[in-house]
$ cat query18.txt   # compact mmCIF, C-alpha atoms and all ligand atoms
# COMPACT_ATOMS: atom_id res chain seq x y z
CA MET P 1207 -0.43 24.47 -8.72
CA LYS P 1208 1.37 22.54 -6.01
CA GLN P 1209 4.81 20.94 -6.22
CA ILE P 1210 4.36 17.40 -4.85
CA LEU P 1211 6.90 14.69 -4.07
CA VAL P 1212 5.70 11.08 -4.28
CA THR P 1213 8.23 8.55 -2.99
CA GLY P 1214 7.62 5.05 -4.32
CA GLY P 1215 5.79 6.78 -7.18
CA ALA P 1216 6.66 4.09 -9.73
CA GLY P 1217 4.99 1.39 -7.64
CA PHE P 1218 1.48 0.03 -7.95
CA VAL P 1219 -0.28 2.60 -5.71
CA GLY P 1220 2.23 5.41 -6.36
CA SER P 1221 1.67 5.37 -10.12
CA HIS P 1222 -2.10 5.80 -9.68
CA LEU P 1223 -1.47 8.62 -7.20
CA CYS P 1224 0.95 10.45 -9.56
CA GLU P 1225 -1.66 10.19 -12.31
CA ARG P 1226 -4.41 11.66 -10.12
CA LEU P 1227 -2.20 14.50 -8.83
CA LEU P 1228 -1.24 15.45 -12.40
CA GLU P 1229 -4.89 15.35 -13.49
CA GLU P 1230 -5.59 17.90 -10.77
CA GLY P 1231 -3.00 20.24 -12.30
CA ASN P 1232 -0.13 19.68 -9.87
CA SER P 1233 3.54 19.28 -10.58
CA VAL P 1234 4.79 15.84 -9.48
CA ILE P 1235 8.26 14.56 -8.65
CA CYS P 1236 8.10 10.77 -8.68
CA LEU P 1237 11.02 9.34 -6.73
CA ASP P 1238 11.77 5.61 -6.86
CA ASN P 1239 14.67 3.14 -6.85
CA PHE P 1240 12.62 0.58 -8.87
CA TYR P 1241 13.07 -2.14 -6.22
CA SER P 1242 9.50 -3.41 -6.53
CA GLY P 1243 8.09 -0.80 -8.92
CA SER P 1244 9.00 -0.12 -12.53
CA LYS P 1245 9.32 2.62 -15.11
CA GLU P 1246 6.63 0.83 -17.07
CA ASN P 1247 4.06 1.93 -14.44
CA VAL P 1248 4.71 5.60 -15.19
CA TRP P 1249 5.81 5.31 -18.85
CA HIS P 1250 2.61 7.05 -19.97
CA LEU P 1251 3.37 10.04 -17.71
CA ILE P 1252 6.86 10.66 -19.06
CA GLY P 1253 6.70 13.72 -21.30
CA HIS P 1254 3.85 15.26 -19.28
CA PRO P 1255 5.04 18.83 -18.55
CA GLY P 1256 4.23 18.49 -14.83
CA PHE P 1257 5.96 15.13 -14.34
CA GLU P 1258 9.52 14.37 -13.30
CA LEU P 1259 10.91 10.88 -12.66
CA VAL P 1260 13.92 10.61 -10.32
CA ARG P 1261 15.87 7.43 -9.56
CA HIS P 1262 16.81 7.67 -5.90
CA ASP P 1263 16.92 5.42 -2.83
CA VAL P 1264 15.15 7.04 0.17
CA THR P 1265 17.70 5.50 2.54
CA GLU P 1266 20.03 8.23 1.18
CA PRO P 1267 19.40 11.92 1.93
CA TYR P 1268 17.56 13.95 -0.72
CA ARG P 1269 17.03 17.69 -1.06
CA VAL P 1270 14.08 19.31 -2.79
CA GLU P 1271 11.60 22.19 -2.34
CA VAL P 1272 7.99 20.97 -2.27
CA ASP P 1273 4.54 21.80 -0.88
CA GLU P 1274 3.45 18.23 -0.14
CA ILE P 1275 5.07 14.82 0.28
CA TYR P 1276 3.38 11.43 -0.05
CA ASN P 1277 5.79 8.88 1.44
CA LEU P 1278 5.04 5.52 -0.19
CA ALA P 1279 8.53 4.13 -0.77
CA CYS P 1280 8.61 0.60 0.69
CA PRO P 1281 7.93 -2.80 -0.87
CA ALA P 1282 4.43 -3.92 0.20
CA SER P 1283 4.28 -7.55 -0.89
CA PRO P 1284 5.55 -10.07 1.69
CA VAL P 1285 7.60 -11.78 -1.07
CA TYR P 1286 9.41 -8.53 -1.87
CA TYR P 1287 9.78 -7.15 1.64
CA GLN P 1288 11.09 -10.47 3.00
CA TYR P 1289 13.61 -10.88 0.15
CA ASP P 1290 15.89 -8.22 1.67
CA PRO P 1291 14.44 -7.59 5.14
CA ILE P 1292 17.24 -5.36 6.40
CA GLN P 1293 16.79 -3.06 3.40
CA THR P 1294 13.01 -3.06 4.13
CA THR P 1295 13.55 -1.77 7.67
CA LYS P 1296 16.11 0.76 6.43
CA THR P 1297 13.68 1.99 3.76
CA SER P 1298 10.87 2.62 6.26
CA MET P 1299 13.11 4.09 8.93
CA PHE P 1300 15.64 6.20 7.00
CA GLY P 1301 13.01 7.01 4.37
CA ALA P 1302 10.84 8.52 7.09
CA PHE P 1303 13.82 10.43 8.58
CA HIS P 1304 14.82 11.90 5.25
CA MET P 1305 11.32 12.84 4.13
CA LEU P 1306 10.43 14.32 7.54
CA GLY P 1307 13.64 16.35 7.27
CA ILE P 1308 12.42 17.84 3.98
CA ALA P 1309 9.00 18.55 5.52
CA LYS P 1310 10.61 20.24 8.53
CA ARG P 1311 12.83 22.47 6.37
CA THR P 1312 10.22 23.41 3.75
CA GLY P 1313 7.05 23.38 5.89
CA ALA P 1314 5.51 20.84 3.49
CA ARG P 1315 2.63 18.64 4.54
CA ILE P 1316 3.68 14.99 4.64
CA LEU P 1317 1.53 11.87 4.40
CA GLN P 1318 2.81 8.49 5.52
CA ALA P 1319 1.50 5.34 3.81
CA SER P 1320 1.30 3.20 6.93
CA THR P 1321 -0.43 -0.13 7.03
CA SER P 1322 -2.91 -2.42 8.73
CA GLU P 1323 0.19 -4.54 9.47
CA VAL P 1324 0.88 -2.26 12.44
CA TYR P 1325 -1.97 -4.23 14.09
CA GLY P 1326 -0.05 -7.50 13.47
CA ASP P 1327 -2.15 -10.63 14.04
CA PRO P 1328 -4.97 -8.65 15.63
CA ALA P 1329 -6.78 -9.63 18.82
CA VAL P 1330 -9.38 -6.90 18.24
CA HIS P 1331 -11.76 -7.23 15.31
CA PRO P 1332 -12.52 -5.14 13.31
CA GLN P 1333 -9.42 -3.03 13.85
CA VAL P 1334 -9.89 0.46 15.27
CA GLU P 1335 -7.12 3.06 15.23
CA SER P 1336 -6.86 3.01 19.04
CA TYR P 1337 -5.90 -0.70 18.98
CA ARG P 1338 -2.15 -1.00 19.62
CA GLY P 1339 -1.66 -4.25 17.81
CA ASN P 1340 -0.12 -7.67 18.25
CA VAL P 1341 3.13 -7.71 16.28
CA ASN P 1342 5.83 -10.35 16.67
CA PRO P 1343 8.95 -8.15 16.85
CA ILE P 1344 11.31 -10.98 15.81
CA GLY P 1345 9.27 -12.74 13.13
CA ILE P 1346 9.65 -12.77 9.35
CA ARG P 1347 7.08 -9.98 8.92
CA SER P 1348 8.65 -7.70 11.51
CA CYS P 1349 10.97 -5.95 9.03
CA TYR P 1350 7.84 -4.52 7.45
CA ASP P 1351 5.58 -4.22 10.52
CA GLU P 1352 8.17 -2.74 12.87
CA GLY P 1353 9.63 -0.58 10.09
CA LYS P 1354 6.20 0.95 9.55
CA ARG P 1355 5.65 1.30 13.31
CA VAL P 1356 8.96 3.13 13.73
CA ALA P 1357 7.98 5.40 10.84
CA GLU P 1358 4.69 6.25 12.62
CA SER P 1359 6.64 6.95 15.79
CA LEU P 1360 9.02 9.29 13.92
CA PHE P 1361 6.11 11.08 12.27
CA PHE P 1362 4.48 11.82 15.63
CA ASP P 1363 7.77 12.90 17.24
CA TYR P 1364 8.54 15.30 14.36
CA HIS P 1365 5.00 16.63 14.77
CA ARG P 1366 5.30 17.07 18.57
CA ILE P 1367 8.86 18.39 18.63
CA HIS P 1368 9.13 20.34 15.35
CA GLY P 1369 5.49 21.05 14.48
CA VAL P 1370 5.74 19.14 11.19
CA ARG P 1371 2.33 18.91 9.48
CA ILE P 1372 1.82 15.15 9.38
CA LYS P 1373 -0.91 12.88 8.02
CA VAL P 1374 -0.79 9.15 8.78
CA ILE P 1375 -3.05 6.65 7.02
CA ARG P 1376 -3.18 2.93 7.71
CA ILE P 1377 -3.87 1.23 4.41
CA PHE P 1378 -5.61 -2.16 4.30
CA ASN P 1379 -5.03 -4.70 1.47
CA THR P 1380 -5.36 -2.85 -1.83
CA TYR P 1381 -5.46 -4.26 -5.36
CA GLY P 1382 -5.89 -3.03 -8.90
CA PRO P 1383 -4.29 -2.73 -12.33
CA ARG P 1384 -0.47 -2.29 -12.43
CA MET P 1385 0.23 -4.93 -9.81
CA ALA P 1386 3.22 -6.92 -11.07
CA VAL P 1387 2.62 -10.46 -12.38
CA ASP P 1388 5.19 -11.74 -9.87
CA ASP P 1389 4.00 -9.42 -7.06
CA GLY P 1390 3.21 -12.37 -4.80
CA ARG P 1391 0.17 -10.89 -3.07
CA VAL P 1392 -2.95 -12.99 -3.04
CA ILE P 1393 -5.18 -11.32 -5.64
CA SER P 1394 -2.48 -11.05 -8.28
CA ASN P 1395 -1.31 -14.62 -7.55
CA PHE P 1396 -4.82 -16.12 -7.83
CA VAL P 1397 -5.79 -14.16 -10.96
CA VAL P 1398 -2.52 -14.99 -12.74
CA GLN P 1399 -2.76 -18.65 -11.72
CA ALA P 1400 -6.42 -18.87 -12.83
CA LEU P 1401 -5.70 -17.25 -16.22
CA ARG P 1402 -2.70 -19.52 -16.85
CA GLY P 1403 -4.66 -22.62 -15.84
CA GLU P 1404 -2.24 -23.27 -12.96
CA ASP P 1405 -3.21 -24.45 -9.47
CA LEU P 1406 -4.43 -21.70 -7.11
CA THR P 1407 -2.16 -21.82 -4.07
CA ILE P 1408 -4.00 -21.26 -0.80
CA TYR P 1409 -1.65 -20.91 2.17
CA GLY P 1410 -3.02 -22.74 5.20
CA ASP P 1411 -6.63 -23.94 5.15
CA GLY P 1412 -7.95 -20.76 3.54
CA SER P 1413 -10.04 -19.72 6.55
CA GLN P 1414 -7.94 -16.58 7.21
CA THR P 1415 -9.69 -13.36 6.17
CA ARG P 1416 -8.71 -10.12 4.45
CA SER P 1417 -10.65 -7.02 3.38
CA PHE P 1418 -9.78 -5.84 -0.11
CA GLN P 1419 -9.94 -2.26 -1.31
CA TYR P 1420 -9.83 -1.17 -4.94
CA VAL P 1421 -7.01 1.25 -5.73
CA SER P 1422 -9.23 4.18 -6.82
CA ASP P 1423 -10.88 4.21 -3.38
CA LEU P 1424 -7.47 4.37 -1.69
CA ILE P 1425 -6.32 7.26 -3.90
CA GLU P 1426 -9.48 9.21 -3.06
CA GLY P 1427 -8.84 8.58 0.66
CA MET P 1428 -5.22 9.77 0.35
CA ILE P 1429 -6.19 13.00 -1.42
CA ARG P 1430 -8.93 13.72 1.13
CA MET P 1431 -6.58 13.05 4.03
CA MET P 1432 -3.94 15.40 2.65
CA ALA P 1433 -6.60 18.12 2.32
CA THR P 1434 -7.72 18.00 5.97
CA ASP P 1435 -6.63 20.86 8.22
CA ASP P 1436 -3.40 20.65 10.19
CA SER P 1437 -5.11 19.67 13.43
CA PHE P 1438 -6.02 16.23 12.02
CA THR P 1439 -2.95 14.00 11.93
CA GLY P 1440 -4.55 10.56 11.95
CA PRO P 1441 -3.72 7.72 12.12
CA VAL P 1442 -6.78 6.84 10.11
CA ASN P 1443 -7.73 3.48 8.57
CA ILE P 1444 -8.33 3.47 4.81
CA GLY P 1445 -9.80 0.18 3.65
CA ASN P 1446 -12.90 -1.64 2.51
CA PRO P 1447 -14.74 -3.42 5.35
CA GLY P 1448 -15.99 -6.24 3.08
CA GLU P 1449 -14.29 -9.33 4.59
CA PHE P 1450 -13.56 -12.60 2.76
CA THR P 1451 -11.78 -15.86 3.51
CA MET P 1452 -8.99 -16.81 1.09
CA LEU P 1453 -11.09 -19.82 0.08
CA GLU P 1454 -14.00 -17.53 -0.85
CA LEU P 1455 -11.60 -15.32 -2.78
CA ALA P 1456 -10.16 -18.26 -4.73
CA GLU P 1457 -13.65 -19.51 -5.62
CA LYS P 1458 -14.76 -16.04 -6.71
CA ILE P 1459 -11.74 -15.66 -8.98
CA LEU P 1460 -12.24 -19.12 -10.48
CA SER P 1461 -15.85 -18.33 -11.27
CA LYS P 1462 -15.10 -14.85 -12.70
CA THR P 1463 -12.27 -16.06 -14.93
CA GLY P 1464 -14.13 -19.23 -15.96
CA SER P 1465 -10.90 -21.07 -15.15
CA ARG P 1466 -10.68 -24.84 -14.64
CA SER P 1467 -7.67 -24.50 -12.34
CA ARG P 1468 -7.67 -26.54 -9.13
CA ILE P 1469 -7.29 -25.16 -5.61
CA VAL P 1470 -4.30 -26.58 -3.72
CA PHE P 1471 -3.20 -26.00 -0.13
CA ARG P 1472 0.34 -24.96 0.84
CA PRO P 1473 1.90 -24.36 4.28
CA LEU P 1474 0.84 -21.15 6.02
CA PRO P 1475 3.81 -18.76 6.45
CA SER P 1476 4.56 -17.87 10.08
CA ASP P 1477 2.77 -14.92 11.69
CA ASP P 1478 0.22 -14.73 8.86
CA PRO P 1479 -2.65 -12.68 10.38
CA LYS P 1480 -5.81 -14.79 10.88
CA MET P 1481 -8.26 -11.98 10.22
CA ARG P 1482 -8.32 -8.39 9.08
CA ARG P 1483 -11.08 -5.83 8.62
CA PRO P 1484 -10.94 -2.05 9.03
CA ASP P 1485 -13.25 -0.05 11.23
CA ILE P 1486 -13.65 3.06 9.04
CA THR P 1487 -15.81 5.17 11.37
CA LEU P 1488 -13.00 7.74 11.71
CA ALA P 1489 -12.44 8.06 7.93
CA ARG P 1490 -16.18 8.45 7.37
CA GLY P 1491 -16.41 11.19 9.98
CA LYS P 1492 -13.20 13.14 9.31
CA LEU P 1493 -12.79 12.68 5.56
CA GLY P 1494 -16.39 12.04 4.50
CA TRP P 1495 -14.87 9.01 2.81
CA ALA P 1496 -16.07 5.46 2.26
CA PRO P 1497 -15.05 2.93 -0.39
CA LYS P 1498 -17.25 2.73 -3.48
CA VAL P 1499 -15.94 -0.33 -5.33
CA SER P 1500 -16.94 -3.79 -4.09
CA LEU P 1501 -14.66 -6.79 -4.56
CA ASP P 1502 -16.99 -8.13 -7.24
CA GLU P 1503 -16.76 -4.88 -9.22
CA GLY P 1504 -13.04 -4.39 -8.70
CA LEU P 1505 -11.97 -7.86 -9.77
CA ASP P 1506 -13.26 -7.38 -13.34
CA PRO P 1507 -10.80 -4.65 -14.39
CA VAL P 1508 -7.98 -6.52 -12.63
CA ILE P 1509 -8.73 -9.72 -14.51
CA ALA P 1510 -8.88 -7.74 -17.79
CA TYR P 1511 -5.55 -6.07 -16.94
CA PHE P 1512 -3.78 -9.38 -16.24
CA ARG P 1513 -5.28 -10.93 -19.43
CA ARG P 1514 -3.66 -8.11 -21.44
CA LYS P 1515 -0.43 -8.30 -19.49
CA LEU P 1516 -0.13 -12.06 -20.02
CA GLY P 1517 -1.07 -11.67 -23.70
CA LEU P 1518 -4.16 -13.89 -23.35
P1 LIG I 1 4.89 -1.37 -4.42
O1 LIG I 1 5.94 -2.32 -3.98
O2 LIG I 1 4.25 -1.57 -5.77
O3 LIG I 1 5.42 0.13 -4.37
C1 LIG I 1 6.45 0.56 -3.52
C2 LIG I 1 7.39 1.44 -4.36
O4 LIG I 1 8.44 1.90 -3.51
C3 LIG I 1 8.05 0.67 -5.50
O5 LIG I 1 7.96 1.41 -6.69
C4 LIG I 1 9.48 0.51 -5.04
O6 LIG I 1 10.41 0.41 -6.12
C5 LIG I 1 9.68 1.77 -4.21
N1 LIG I 1 10.76 1.64 -3.23
C6 LIG I 1 11.00 0.59 -2.39
N2 LIG I 1 12.09 0.83 -1.65
C7 LIG I 1 12.54 2.06 -2.02
C8 LIG I 1 13.65 2.87 -1.62
N3 LIG I 1 14.52 2.45 -0.68
N4 LIG I 1 13.82 4.06 -2.23
C9 LIG I 1 12.96 4.49 -3.19
N5 LIG I 1 11.90 3.77 -3.61
C10 LIG I 1 11.70 2.57 -3.03
O7 LIG I 1 3.77 -1.37 -3.28
P2 LIG I 1 2.35 -0.62 -3.21
O8 LIG I 1 1.31 -1.65 -3.05
O9 LIG I 1 2.25 0.38 -4.31
O10 LIG I 1 2.49 0.13 -1.82
C11 LIG I 1 2.77 1.52 -1.73
C12 LIG I 1 2.85 1.95 -0.27
O11 LIG I 1 1.59 1.71 0.38
C13 LIG I 1 3.91 1.18 0.54
O12 LIG I 1 4.52 2.06 1.44
C14 LIG I 1 3.09 0.15 1.28
O13 LIG I 1 3.71 -0.23 2.48
C15 LIG I 1 1.79 0.90 1.53
N6 LIG I 1 0.69 -0.05 1.68
C16 LIG I 1 0.19 -0.73 0.61
C17 LIG I 1 -0.81 -1.66 0.79
C18 LIG I 1 -1.38 -2.44 -0.36
O14 LIG I 1 -2.17 -3.34 -0.13
N7 LIG I 1 -1.06 -2.12 -1.61
C19 LIG I 1 -1.30 -1.91 2.08
C20 LIG I 1 -0.76 -1.21 3.15
C21 LIG I 1 0.22 -0.28 2.95
N1 LIG I 2 -2.08 -16.09 0.29
C1 LIG I 2 -2.49 -17.29 -0.26
N2 LIG I 2 -1.98 -17.65 -1.46
C2 LIG I 2 -1.11 -16.87 -2.17
C3 LIG I 2 -0.71 -15.64 -1.61
C4 LIG I 2 -1.21 -15.28 -0.36
O1 LIG I 2 -3.30 -18.03 0.32
O2 LIG I 2 -0.71 -17.29 -3.27
C5 LIG I 2 -2.67 -15.69 1.59
C6 LIG I 2 -1.65 -15.22 2.63
O3 LIG I 2 -1.15 -16.31 3.35
C7 LIG I 2 -2.50 -14.29 3.47
C8 LIG I 2 -3.50 -13.70 2.47
O4 LIG I 2 -3.49 -14.57 1.35
O5 LIG I 2 -3.22 -15.03 4.44
C9 LIG I 2 -3.14 -12.31 2.02
O6 LIG I 2 -1.80 -12.34 1.58
P1 LIG I 2 -1.06 -11.10 0.90
O7 LIG I 2 0.36 -11.49 0.70
O8 LIG I 2 -1.84 -10.64 -0.27
O9 LIG I 2 -1.19 -9.91 1.96
P2 LIG I 2 -0.98 -9.82 3.56
O10 LIG I 2 -0.74 -11.16 4.15
O11 LIG I 2 0.20 -8.92 3.72
O12 LIG I 2 -2.24 -9.25 4.04

$ encode --input "query18.txt" --output "structure tokens" --more "lines below"
Ligand code: NAD
Ligand code: UDP
Amino acid sequence: MKQILVTGGAGFVGSHLCERLLEEGNSVICLDNFYSGSKENVWHLIGHPGFELVRHDVTEPYRVEVDEIYNLACPASPVYYQYDPIQTTKTSMFGAFHMLGIAKRTGARILQASTSEVYGDPAVHPQVESYRGNVNPIGIRSCYDEGKRVAESLFFDYHRIHGVRIKVIRIFNTYGPRMAVDDGRVISNFVVQALRGEDLTIYGDGSQTRSFQYVSDLIEGMIRMMATDDSFTGPVNIGNPGEFTMLELAEKILSKTGSRSRIVFRPLPSDDPKMRRPDITLARGKLGWAPKVSLDEGLDPVIAYFRRKLGL
């Protein structure tokens, strides 16, 4: 049985990860300040003998003895990370410092939940890990993008200088049950709007693309990455290469929910990436991993989840 620290464990992805790690017989410390996550996400785990919930902000030092660390603490929705952008940068930067410090002292393996946003508005498509990206360092997304880039930089310096056993994954857009109703990301927005009979808000003309991965595929990728030997650090893309325009996504959700909502167009926020799709050759080769759940399959449980959540 391993002792595992999951920062951001009460968030959307973190709660699924805590669940999986407990199922495998591990002991889990779920650390969160509930900025964009909630106790409700891990309510069902409280009382499990292997589970411990700790309220803590990763921008402050923390001391613990563990075998593995999954560093997920950081708001992921543009609405949340832009609400307090200075705190977002601090979370990525100081969070990485503090968690790498624990890994250095204890010899724990540490996995960083990095992001496809390190590629910015990409000029290379699909995105391969060797692509260095096109990030606007002074734009409204930079608190998140540059915060995550600095975290990657710290991970590799701790690895080179102190021999810390690092694992870096670059996660592409992920969705699934436990996303908050007010999360602000596109799938939760469209599903909630469709179920409530409200207008579906497409930003821009809807021709921008994203590639959506179901949460169970991401969790499998994270577990496999953590289990690789120390020589493999990543970064490795974890995402579903199926690529859709936001207009296609809106139409799919309207048809699946049977909603009579209209589609409306709103201004495109600045620096919104025009296209995104992972090249997953490296993950296939090194982790033997590929996503299993298509967007069509994954939307059904998400729609059912939001129906329950909205009491419909
Ligand atoms: P989320 O917002 O639901 O979860 C993040 C969690 O971190 C929340 O529970 C939040 O309260 C916590 N947190 C934020 N700041 C903190 C701080 N200073 N101290 C302690 N806890 C803090 O987002 P998510 O979708 O579950 O994302 C999880 C991780 O995966 C994030 O690091 C995110 O950047 C990364 N990621 C997610 C996606 C995606 O599409 N879901 C894509 C790329 C990367
Ligand atoms: N988007 C949209 N309507 C919404 C929310 C988002 O059209 O109500 C668009 C957004 O502009 C972006 C895409 O959907 O082009 C994905 O947005 P999200 O916030 O989910 O993730 P990210 O931009 O970080 O990939």

$ residues_near_point --input "query18.txt" --point "(-6.2, 6.1, -5.9)" --cutoff "7 Å" --atoms "all atoms listed in the file" --output "PyMOL selection string"
chain P and resi 1219+1222-1223+1421-1426

$ residues_around --input "query18.txt" --residues "P:Val1356" --least-positions-apart "5" --cutoff "9 Å" --atoms "all atoms listed in the file" --output "list of chain:residue names"
P:Ser1298, P:Met1299, P:Ala1302, P:Asp1351, P:Phe1361

$ closest_residue --input "query18.txt" --among "P:Pro1497, P:Pro1343, P:Pro1328, P:Gly1214" --to "P:Lys1480" --atoms "all atoms listed in the file"
P:Pro1328

$ residues_around --input "query18.txt" --residues "stretch 1250-1253 of chain P" --least-positions-apart "4" --cutoff "12 Å" --atoms "all atoms listed in the file" --output "PyMOL selection string"
chain P and resi 1215-1216+1221-1229+1233-1236+1245-1246+1257-1260

$ closest_residue --input "query18.txt" --among "P:Cys1280, P:Val1398, P:Gly1256, P:Val1499" --to "P:Met1385" --atoms "only C-alpha atoms"
P:Val1398

$ residues_near_ligand --input "query18.txt" --ligand "ligand LIG 1 (chain I)" --cutoff "6 Å" --atoms "only C-alpha atoms and all ligand atoms" --output "tab-separated table (two decimals) with C-alpha atoms, keeping the file's coordinate frame"
chain	number	residue	atom	x	y	z
P	1214	GLY	CA	7.62	5.05	-4.32
P	1215	GLY	CA	5.79	6.78	-7.18
P	1216	ALA	CA	6.66	4.09	-9.73
P	1217	GLY	CA	4.99	1.39	-7.64
P	1218	PHE	CA	1.48	0.03	-7.95
P	1219	VAL	CA	-0.28	2.60	-5.71
P	1220	GLY	CA	2.23	5.41	-6.36
P	1238	ASP	CA	11.77	5.61	-6.86
P	1239	ASN	CA	14.67	3.14	-6.85
P	1240	PHE	CA	12.62	0.58	-8.87
P	1241	TYR	CA	13.07	-2.14	-6.22
P	1242	SER	CA	9.50	-3.41	-6.53
P	1243	GLY	CA	8.09	-0.80	-8.92
P	1262	HIS	CA	16.81	7.67	-5.90
P	1263	ASP	CA	16.92	5.42	-2.83
P	1264	VAL	CA	15.15	7.04	0.17
P	1265	THR	CA	17.70	5.50	2.54
P	1278	LEU	CA	5.04	5.52	-0.19
P	1279	ALA	CA	8.53	4.13	-0.77
P	1280	CYS	CA	8.61	0.60	0.69
P	1281	PRO	CA	7.93	-2.80	-0.87
P	1282	ALA	CA	4.43	-3.92	0.20
P	1297	THR	CA	13.68	1.99	3.76
P	1319	ALA	CA	1.50	5.34	3.81
P	1320	SER	CA	1.30	3.20	6.93
P	1321	THR	CA	-0.43	-0.13	7.03
P	1377	ILE	CA	-3.87	1.23	4.41
P	1378	PHE	CA	-5.61	-2.16	4.30
P	1379	ASN	CA	-5.03	-4.70	1.47
P	1380	THR	CA	-5.36	-2.85	-1.83

$ closest_residue --input "query18.txt" --among "P:Ile1210, P:Val1508, P:Val1442, P:Phe1471" --to "P:Arg1490" --atoms "all atoms listed in the file"
P:Val1442

$ closest_residue --input "query18.txt" --among "P:Gly1427, P:Pro1267, P:Gly1410, P:Gly1307" --to "P:Val1370" --atoms "all atoms listed in the file"
P:Gly1307
